[in-house]
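Asker: Okay, handing you the structure first.
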Amino acid sequence: MWRRLSVLDWIRIGLLALGLIFVATGLLPLERAVESLDEIGPLLLFLLGVIVLAELTKQAQVFDVIADRLAVAGRGNYAALFVLCTAFASLVTVFLNLDTTAVLLTPVMLALAPRARIAALPLAMTTIWLANTASLLLPVSNLTNLLGMEKLNLSPSEFATRMWAPQLVSIAVTMVFLWLFFWRRAERGVDRYTPPVVQPVADQALFTAASVACALFIAALVVDAPVWLAASVAALIVLVAFFVRDRSKLTWSLVPWQLLIFVTGLFLVVPTLSRYGLADLMRWLVGAAGDPYRTAAVGAGLSNVINNLPAFKAIEEVIPVIAKDQLLALLVGSNVGPVITPWASLATLLWFESCARHGVRVPMGRFLLIGAGLAVTGILATVWALVVTG
């Protein structure tokens with residue numbers, strides 16, 4: 001088992017170990033540590049539920065059927081396929097979390113590429129860019145949103161009411177960059193594609209159960225049910241279905257232990273560092289005026305240096321409770337901005353691993369340069385939408 005751990009896995013384990021050392025040595029008081037762990041209890045339940053739901057939904061071929069039918073609906077027209085794929089990736093990100101788009105939808109789209117004789121890179125870039133930039137609308141769309149919900153004190157519907165305009169703007173900017181640099185005729189090299197043959201579903205009962213579970217999860221979000229409860233119930237439905245129909249898929253690999261220990265370690269390490277100078281540095285970076293553009297820029301910049309989760313957590317701790325618009329601007333920076341470096345978000349790291357497994361070459365220089373253009377343009381436009389609709 002130890003030999004199968006990746007470098008990223010060891011970093012996650014090391015982060016948790018460092019957090020436990022901080023608690024054991026008294027650098028982080030036990031009371032503060034317990035407070036942090038209480039804060040992330042519902043968050044960990046949500047992560048466990050939504051990732052199990054997404055993984056078993058993929059196993060039930062729900063994503064495969066939708067991707068095939070989108071390609072068929074496009075009828076060989078690249079512009080139509082582009083709109084359908086961006087809509088699909090955006091909806092998966094909004095309702096099932098950005099990691100679902102990066103980790104589970106990416107293999108589906110890459111498997112579609114050879115069947116429809118489509119270049120793989122445009123499909124891959126669509127999933128990873130929209131995994132980040134389409135994650136503003138709901139608390140469940142991104143872990144950073146969930147981290148900020150207690151301070152924002154907004155229900156899912158109130159959060160969506162505040163963020164719908166910024167979300168539309170960030171998706172629109174992303175679509176422009178995707179079309180100009182990856183999807184237009186000069187980039188893809190052909191006029192039309194071949195619609196694939198829709199593959200039959202292996203188990204209709206599992207397909208139906210997973211589809212119903214996803215629909216119920218989305219409906220629960222609409223009525224402002226607790227996100228951890230909605231994800232847990234939906235995951236339980238598909239777990240029962242697979243227990244009855246195909247127990248071989250119910251393995252311990254379904255448990256996202258890497259993400260769970262990373263988040264736990266994060267909530268121990270960042271509060272400790274904030275007690276010993278990190279908070280002062282973050283206050284200096286964002287400034288005392290609470291400027292949303294500066295806050296978003298700092299969030300994006302720090303995300304591309306150290307990853308968006310620790311960056312968001314470090315900056316969020318120095319933003320006053322009453323400065324809700326500043327915190328929302330930070331969410332824009334830490335959600336839309338991490339499209340430059342490969343380590344800027346966990347989703348991007350996992351996406352690179354998926355591309356490598358499928359033999360898709362990602363030109364690194366191009367990825368960095370175009371990503372920087374998207375980050376700057378997307379943040380400016382999205383924060384503007386946040387400000388004018390405030």
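Ligands are numbered from 1 in the order shown, residues from 1 within each chain, and chains are lettered A, B, ... in the order they appear in the structure tokens.
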Name the residues in contact with Ser135 of chain A at a cut-off of 12 Å, using only C-alpha atoms, excluding same-chain residues fewer than 4 positions from it; report them as a ChimeraX atom specification.
Answerer: /A:89-102,127-131,139-146,160,163-164,166-168,170-171,331-338,347
Asker: Just C-alpha atoms for this one: save the residues we selected as a short mmCIF file (atom, residue, chain, number, x, y, z; two decimals), in the first residue's frame.
Answerer:
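Saved file again29.cif follows:
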```
data_model
loop_
_atom_site.label_atom_id
_atom_site.label_comp_id
_atom_site.auth_asym_id
_atom_site.auth_seq_id
_atom_site.Cartn_x
_atom_site.Cartn_y
_atom_site.Cartn_z
CA ALA A 89 -19.20 20.66 -17.73
CA SER A 90 -20.66 23.80 -16.10
CA LEU A 91 -23.72 21.98 -14.76
CA VAL A 92 -21.66 19.09 -13.38
CA THR A 93 -19.37 21.60 -11.64
CA VAL A 94 -22.24 23.64 -10.21
CA PHE A 95 -24.19 20.72 -8.79
CA LEU A 96 -21.62 17.94 -8.21
CA ASN A 97 -18.44 19.86 -7.28
CA LEU A 98 -15.43 20.85 -9.37
CA ASP A 99 -13.52 17.68 -8.45
CA THR A 100 -16.26 15.61 -10.09
CA THR A 101 -15.74 17.54 -13.33
CA ALA A 102 -11.95 17.28 -13.20
CA THR A 127 -13.39 20.25 -18.31
CA ILE A 128 -10.53 21.72 -16.27
CA TRP A 129 -11.15 25.39 -16.96
CA LEU A 130 -14.87 25.12 -16.25
CA ALA A 131 -14.18 22.94 -13.21
CA PRO A 139 -21.84 26.34 -1.86
CA VAL A 140 -21.39 22.73 -3.05
CA SER A 141 -19.68 23.79 -6.27
CA ASN A 142 -16.29 24.32 -4.62
CA LEU A 143 -14.75 23.47 -1.29
CA THR A 144 -13.71 27.11 -0.87
CA ASN A 145 -17.39 28.11 -1.00
CA LEU A 146 -18.17 25.69 1.81
CA ALA A 160 -26.87 31.62 -5.62
CA MET A 163 -23.45 34.92 -7.29
CA TRP A 164 -25.53 34.16 -10.41
CA PRO A 166 -20.59 36.71 -11.51
CA GLN A 167 -21.01 33.03 -12.41
CA LEU A 168 -22.49 33.80 -15.82
CA SER A 170 -16.92 33.89 -15.55
CA ILE A 171 -18.39 31.11 -17.71
CA LEU A 331 -14.03 33.39 -3.62
CA VAL A 332 -13.83 34.81 -7.15
CA GLY A 333 -10.06 35.00 -6.91
CA SER A 334 -9.60 31.54 -5.42
CA ASN A 335 -12.13 29.87 -7.76
CA VAL A 336 -11.61 31.62 -11.09
CA GLY A 337 -7.93 32.39 -10.62
CA PRO A 338 -6.34 28.92 -10.15
CA ALA A 347 -8.82 19.58 -9.34
#
```
Asker: I want to know what sits within 12 Å of Ala172 of chain A, based on only C-alpha atoms, with residues of the same chain fewer than 5 positions away left out; could you give that as a list in words?
Answerer: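 That gives Val83, Thr86, Ala87, Ser90, Trp129, Leu130, Thr133, Ala134, Ala165, Pro166, Gln167, Phe177, Leu178, Trp179, Leu374, Thr377, Gly378, Ala381, Thr382 and Ala385 of chain A.
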Asker: Hey, what does DSSP flag as alpha helix (DSSP H) within segment 44-160 of chain A? Can you give it to me as JSON, numbers by chain?
Answerer: {"A": [44, 45, 46, 47, 48, 49, 50, 51, 52, 53, 54, 55, 56, 57, 58, 59, 62, 63, 64, 65, 66, 67, 68, 69, 70, 71, 72, 73, 74, 78, 79, 80, 81, 82, 83, 84, 85, 86, 87, 88, 89, 90, 91, 92, 93, 94, 95, 96, 98, 99, 106, 107, 108, 109, 110, 111, 112, 113, 114, 115, 116, 120, 121, 122, 123, 124, 125, 126, 127, 128, 129, 130, 131, 132, 133, 143, 144, 145, 146, 147, 148, 149, 150, 151, 152, 156, 157, 158, 159, 160]}
Asker: What gap, in Å, lies between atom CA of Leu278 of chain A and atom CA of Ile340 of chain A?
Answerer: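 Atom CA of Ile340 of chain A lies 23.9 Å from atom CA of Leu278 of chain A.
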Asker: Give the answer as one residue: which of A:Lys151, A:Arg117, A:Arg69, A:Arg357 has the shortest atom-to-atom distance to Glu39 of chain A, using only C-alpha atoms?
Answerer: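 Among the listed residues, the smallest separation from Glu39 of chain A belongs to A:Lys151.
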Asker: Pick out the closest residue to Val286 of chain A from this set: A:Gly371, A:Pro320, A:Gly265, A:Gly41. Count only C-alpha atoms.
Answerer: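 Using only C-alpha atoms, Val286 of chain A sits closest to A:Pro320.
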Asker: Of the candidates A:Ala202, A:Ile21, A:Leu330, A:Val62, which shows the shortest atom-to-atom distance to Cys214 of chain A, using only C-alpha atoms?
Answerer: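 Selected residue with least distance to Cys214 of chain A: A:Val62.
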Asker: Which of these residues is nearest to Ala73 of chain A, using only C-alpha atoms: A:Val255, A:Ala186, A:Leu104, A:Cys85?
Answerer: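 Among the listed residues, A:Cys85 lies closest to Ala73 of chain A.
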Asker: Of the candidates A:Ile322, A:Leu328, A:Ala60, A:Val387, which one gets nearest to Gly299 of chain A if we count only C-alpha atoms?
Answerer: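 Among the listed residues, A:Leu328 lies closest to Gly299 of chain A.
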Asker: Under the rule that only C-alpha atoms are counted, which of A:Pro195, A:Arg12, A:Arg32, A:Ala120 is the nearest residue to Gly74 of chain A?
Answerer: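 With only C-alpha atoms as the atom set, the closest residue is A:Pro195.
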Asker: Any idea what the distance is between atom CA of Thr272 of chain A and atom CA of Pro29 of chain A?
Answerer: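 Here the two named atoms are 8.8 Å from each other.
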Asker: List the neighbours of Leu18 of chain A out to 12 Å using only C-alpha atoms; skip same-chain residues closer than 2 positions along the sequence, and give me the result as a list in words.
Answerer: Trp10, Ile11, Arg12, Ile13, Gly14, Leu15, Leu16, Leu20, Ile21, Phe22, Val23, Ala24, Thr25, Leu27, Leu28, Ile261, Phe262, Thr264, Gly265, Leu266, Phe267, Leu268, Val269, Val270, Thr272 and Leu273 of chain A
Asker: Take atom CA of Asp325 of chain A and atom CA of Ala279 of chain A and report the distance between them in Å, one decimal.
Answerer: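 Computing the Euclidean distance for atom CA of Asp325 of chain A and atom CA of Ala279 of chain A yields 19.6 Å.
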Asker: Which residues are near Leu48 of chain A? Cut-off 12 Å, only C-alpha atoms, ignore same chain within fewer than 3 positions. Put them as a PyMOL selection string.
Answerer: chain A and resi 41-45+51-55+97+227-236+252-261+263
